[in-house]
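Participant: Quick one: the structure is below, questions incoming.
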Amino acid sequence: GVLSLGSDTIDGYADDAAGTMQGARYESGLDNSPMYDGDFFNRSVLRRGSQSTGLMQLSDVGFASLFVQDATALAELASGLGWPDEAVEMRERAEDQRRRIALRMWDAESACFVNRFYNGTFYRRISPTSFYALGARAATDEQAIQLITGWMLNRNRFCVAPAGDFVGNSDECYWGLPSIAASDPAFPPLGYWRGYVWGPMALLVYWSLLEYDHLPVVRATRKALCRQMTSLMIWHWRAHRHICENFSPHRNATDCSGTKFYHWGALMGLITMVEDGRYTPLLLPTPLREFF
């Protein structure tokens, strides 16, 4: 099936969150995301000796999409190292999960890729991880267009203005790309992954949009996203010389909503450097096996 988040326990190991729903939330990296509100965790999916594996009873589109990208990258590395069997295995794993995302995770009613309970019900708490399905190339062109126009360019959801100039955005969702849709009931009070804007999430969304560059609306939205994210980072830098762990989406926010000098906050500017051709990733020579 489509991948799910989980948490293991080992007899004799003490941790407040191990083998629990909260432990599985931590595995997402989105510790308190509204996507995982509730308790839908099976503590005993698998038992091997002293180790017990538990899983959320929820197929996770973001996690699965990142797996596809990870397996694809490993296949490329394996090819460069001259390991054809491993390259084939990784490509097959990526393709299998991509196919499953495309088959099960598109919610026609929402026009969005949505996490889904094992009973088939969609859990419609939408975050930017829904856009990661584009990074996995799991969407048709029509689905990609619907996803972008209905969600990212929607001023009541992810608040990216078509030109990246904030026109039409409310003061509450001014900067765009909150970590939960502005239409979600968890958004108004905010808090950590419940509406703050994060550099790593912006970078992963940016990479995902690159996979559909052949679609004009996706290309234009990617550029608009860069403008808004970099403008947010630059505003805080000029005001306080801070690079934030996370940022408030509010127009009138006066400082960082998290740690005031944090490395990944600079990713908000890196995406524009990449977009403008001012940053070129290091290209390793082929074959890579010469270095191993």
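Letters for chains follow the order of the structure tokens (A, B, ...), residue numbers begin at 1 for each chain, and ligand numbers begin at 1 in the order shown.
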Please build the interface table for range 153-231 of chain A against range 240-263 of chain A with a cut-off of 7 Å, listing for each qualifying residue the nearest atom pair and the distance in Å to one decimal; count only C-alpha atoms, order rows by chain and increasing number, and write it as a tab-separated table.

Facilitator:
```
residue	atom	partner	partner_atom	distance
A:Asp171	CA	A:Arg251	CA	5.0
A:Glu172	CA	A:His250	CA	4.5
A:Cys173	CA	A:Pro249	CA	5.2
A:Tyr174	CA	A:Arg251	CA	5.3
A:Trp175	CA	A:Pro249	CA	5.2
A:Gly176	CA	A:Pro249	CA	6.3
A:Pro178	CA	A:Pro249	CA	6.3
A:Tyr196	CA	A:Ser248	CA	5.0
A:Val197	CA	A:Phe247	CA	4.9
A:Trp198	CA	A:Asn246	CA	4.9
```

Participant: Atoms to include: N, CA and C atoms. Write the selected residues as a compact mmCIF listing (two decimals), in the first residue's frame.

Facilitator:
```
# COMPACT_ATOMS: atom_id res chain seq x y z
N ASP A 171 -4.48 39.85 5.61
CA ASP A 171 -3.38 40.10 6.55
C ASP A 171 -3.02 38.83 7.32
N GLU A 172 -3.99 37.92 7.49
CA GLU A 172 -3.74 36.70 8.27
C GLU A 172 -2.93 35.67 7.47
N CYS A 173 -3.09 35.65 6.17
CA CYS A 173 -2.34 34.70 5.33
C CYS A 173 -1.58 35.47 4.26
N TYR A 174 -0.90 36.52 4.69
CA TYR A 174 -0.30 37.46 3.75
C TYR A 174 0.90 36.86 3.02
N TRP A 175 1.81 36.22 3.75
CA TRP A 175 3.07 35.80 3.14
C TRP A 175 2.94 34.52 2.32
N GLY A 176 1.94 33.71 2.63
CA GLY A 176 1.69 32.51 1.83
C GLY A 176 2.39 31.26 2.34
N PRO A 178 1.37 28.73 4.35
CA PRO A 178 1.33 28.29 5.75
C PRO A 178 1.40 26.77 5.82
N TYR A 196 2.49 28.17 10.85
CA TYR A 196 3.71 28.92 10.59
C TYR A 196 4.32 28.49 9.24
N VAL A 197 5.16 29.34 8.70
CA VAL A 197 5.77 29.13 7.38
C VAL A 197 7.21 28.66 7.61
N TRP A 198 7.60 27.59 6.89
CA TRP A 198 8.89 26.93 7.14
C TRP A 198 9.72 26.86 5.86
```

Participant: With DSSP run on the backbone, what are the strand (DSSP E) residues within range 69-218 of chain A? I'd like them as a PyMOL selection string.

Facilitator: chain A and resi 106-107+112-113+116-117

Participant: Limited to N, CA, C and O atoms, could you put the picked residues into a file as a short mmCIF file (atom, residue, chain, number, x, y, z; two decimals), in the first residue's frame?

Facilitator:
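Listed below is the output, result.cif:
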```cif
data_model
loop_
_atom_site.label_atom_id
_atom_site.label_comp_id
_atom_site.auth_asym_id
_atom_site.auth_seq_id
_atom_site.Cartn_x
_atom_site.Cartn_y
_atom_site.Cartn_z
N TRP A 106 -5.50 10.60 -4.82
CA TRP A 106 -6.17 11.76 -5.42
C TRP A 106 -7.63 11.77 -5.00
O TRP A 106 -8.36 10.81 -5.22
N ASP A 107 -8.04 12.87 -4.38
CA ASP A 107 -9.41 13.05 -3.92
C ASP A 107 -10.12 13.97 -4.91
O ASP A 107 -9.90 15.18 -4.90
N CYS A 112 -7.41 17.39 -4.89
CA CYS A 112 -6.17 17.48 -4.13
C CYS A 112 -5.70 16.07 -3.79
O CYS A 112 -6.50 15.13 -3.67
N PHE A 113 -4.39 15.90 -3.62
CA PHE A 113 -3.85 14.66 -3.05
C PHE A 113 -4.00 14.76 -1.53
O PHE A 113 -3.54 15.72 -0.91
N ARG A 116 -5.19 9.38 3.54
CA ARG A 116 -6.37 8.53 3.49
C ARG A 116 -6.30 7.44 4.56
O ARG A 116 -5.30 6.72 4.66
N PHE A 117 -7.37 7.31 5.34
CA PHE A 117 -7.45 6.25 6.33
C PHE A 117 -7.52 4.89 5.63
O PHE A 117 -7.96 4.78 4.49
#
```

Participant: Going by DSSP on the backbone, which bits of range 46-266 of chain A are alpha helix (DSSP H)? Write them as an NGL selection string, please.

Facilitator: :A and (61-80 or 84-104 or 132-135 or 141-147 or 199-210 or 216-240)

Participant: Return as CSV the residues of range 134-225 of chain A lying at most 10 Å from range 67-83 of chain A, together with the closest atom-to-atom pair for each and the distance in Å to one decimal, counting only C-alpha atoms, with rows in chain order and ascending residue number.

Facilitator:
```
residue,atom,partner,partner_atom,distance
A:Gly135,CA,A:Gln69,CA,6.9
A:Ala136,CA,A:Val68,CA,5.6
A:Arg137,CA,A:Val68,CA,8.9
A:Ala138,CA,A:Val68,CA,9.5
A:Ser208,CA,A:Gln69,CA,9.7
```

Participant: Mind dumping a table of every range 113-192 of chain A residue within 9 Å of range 212-221 of chain A, with the nearest atom pair and its distance in Å to one decimal, using only C-alpha atoms, sorted by chain and rising number, as JSON lines?

Facilitator:
```
{"residue": "A:Leu134", "atom": "CA", "partner": "A:Tyr212", "partner_atom": "CA", "distance": 7.2}
{"residue": "A:Gly135", "atom": "CA", "partner": "A:Tyr212", "partner_atom": "CA", "distance": 8.5}
{"residue": "A:Arg137", "atom": "CA", "partner": "A:Tyr212", "partner_atom": "CA", "distance": 8.1}
{"residue": "A:Asp141", "atom": "CA", "partner": "A:Leu215", "partner_atom": "CA", "distance": 7.5}
{"residue": "A:Ala144", "atom": "CA", "partner": "A:Tyr212", "partner_atom": "CA", "distance": 7.7}
{"residue": "A:Ile145", "atom": "CA", "partner": "A:Val217", "partner_atom": "CA", "distance": 7.0}
{"residue": "A:Ile148", "atom": "CA", "partner": "A:Val218", "partner_atom": "CA", "distance": 6.8}
{"residue": "A:Thr149", "atom": "CA", "partner": "A:Val217", "partner_atom": "CA", "distance": 8.0}
{"residue": "A:Met152", "atom": "CA", "partner": "A:Thr221", "partner_atom": "CA", "distance": 8.1}
{"residue": "A:Leu153", "atom": "CA", "partner": "A:Thr221", "partner_atom": "CA", "distance": 7.6}
{"residue": "A:Val160", "atom": "CA", "partner": "A:Thr221", "partner_atom": "CA", "distance": 7.5}
{"residue": "A:Ala161", "atom": "CA", "partner": "A:Thr221", "partner_atom": "CA", "distance": 8.1}
{"residue": "A:Pro162", "atom": "CA", "partner": "A:Thr221", "partner_atom": "CA", "distance": 6.2}
{"residue": "A:Ala163", "atom": "CA", "partner": "A:Ala220", "partner_atom": "CA", "distance": 7.6}
{"residue": "A:Gly164", "atom": "CA", "partner": "A:Thr221", "partner_atom": "CA", "distance": 7.8}
```

Participant: Which residues come within 12 Å of Glu109 in chain A, counting only C-alpha atoms, excluding same-chain residues fewer than 3 positions away, as a list in words?

Facilitator: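 Those residues are Met105, Trp106, Cys112, Phe113, Val114, Thr121, Phe122, Arg124, Gln143, Gln146, Leu147 and Gly150 of chain A.
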
Participant: Keeping only N, CA and C atoms, write the selected residues to a file as a JSON list (two decimals), in the first residue's frame.

Facilitator:
```
[["chain", "number", "residue", "atom", "x", "y", "z"],
["A", 105, "MET", "N", -4.53, 8.23, -3.80],
["A", 105, "MET", "CA", -4.43, 9.42, -2.97],
["A", 105, "MET", "C", -5.04, 10.68, -3.59],
["A", 106, "TRP", "N", -5.50, 10.60, -4.82],
["A", 106, "TRP", "CA", -6.17, 11.76, -5.42],
["A", 106, "TRP", "C", -7.63, 11.77, -5.00],
["A", 112, "CYS", "N", -7.41, 17.39, -4.89],
["A", 112, "CYS", "CA", -6.17, 17.48, -4.13],
["A", 112, "CYS", "C", -5.70, 16.07, -3.79],
["A", 113, "PHE", "N", -4.39, 15.90, -3.62],
["A", 113, "PHE", "CA", -3.85, 14.66, -3.05],
["A", 113, "PHE", "C", -4.00, 14.76, -1.53],
["A", 114, "VAL", "N", -4.65, 13.76, -0.94],
["A", 114, "VAL", "CA", -5.07, 13.85, 0.47],
["A", 114, "VAL", "C", -4.71, 12.55, 1.19],
["A", 121, "THR", "N", -11.50, 6.35, 3.75],
["A", 121, "THR", "CA", -11.96, 7.72, 3.96],
["A", 121, "THR", "C", -10.80, 8.69, 3.86],
["A", 122, "PHE", "N", -10.99, 9.78, 3.14],
["A", 122, "PHE", "CA", -9.96, 10.82, 3.08],
["A", 122, "PHE", "C", -9.99, 11.66, 4.35],
["A", 124, "ARG", "N", -9.28, 15.14, 5.34],
["A", 124, "ARG", "CA", -9.10, 16.39, 4.61],
["A", 124, "ARG", "C", -8.56, 17.52, 5.49],
["A", 143, "GLN", "N", -4.55, 17.10, -13.13],
["A", 143, "GLN", "CA", -4.55, 17.10, -11.67],
["A", 143, "GLN", "C", -3.60, 18.17, -11.13],
["A", 146, "GLN", "N", -5.31, 21.52, -11.43],
["A", 146, "GLN", "CA", -6.36, 21.67, -10.43],
["A", 146, "GLN", "C", -5.77, 21.90, -9.04],
["A", 147, "LEU", "N", -4.72, 21.16, -8.73],
["A", 147, "LEU", "CA", -4.08, 21.29, -7.42],
["A", 147, "LEU", "C", -3.52, 22.70, -7.21],
["A", 150, "GLY", "N", -6.54, 25.44, -7.45],
["A", 150, "GLY", "CA", -7.54, 25.32, -6.40],
["A", 150, "GLY", "C", -6.98, 25.47, -5.00]]
```

Participant: Restricting the calculation to only C-alpha atoms: of A:Ser44, A:Ser65, A:Ser50, A:Gln228, which residue gets closest to Ala102 in chain A?

Facilitator: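 With only C-alpha atoms as the atom set, the closest residue is A:Ser65.
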
Participant: Between A:Leu30, A:Met273, A:Leu103, A:Leu46, single out the one closest to Gly1 in chain A, counting only C-alpha atoms.

Facilitator: A:Leu103

Participant: Which is closest to Ala224 in chain A among A:Ala182, A:Ala239, A:Leu204, A:Ile271, if we use only C-alpha atoms?

Facilitator: A:Ile271

Participant: Find the spatial neighbours of Tyr36 in chain A, counting only C-alpha atoms, within a cut-off of 12 Å - ignore same-chain residues fewer than 5 positions away - and output them as an MDAnalysis selection string.

Facilitator: chainID A and resid 4:6 21:31 41 56:60 115:117 123:127 180 186 193:194

Participant: If you measure from CA of Thr129 in chain A to CA of Arg99 in chain A, what distance in Å do you get, rounded to one decimal?

Facilitator: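 Value for the CA of Thr129 in chain A-CA of Arg99 in chain A distance: 17.6 Å.
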
Participant: Given the choices A:Leu177, A:Leu209, A:Ala64, A:Val2, which gets closest to Gly120 in chain A if the distance is worked out from only C-alpha atoms?

Facilitator: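 When distances to Gly120 in chain A are compared using only C-alpha atoms, the smallest one comes from A:Val2.
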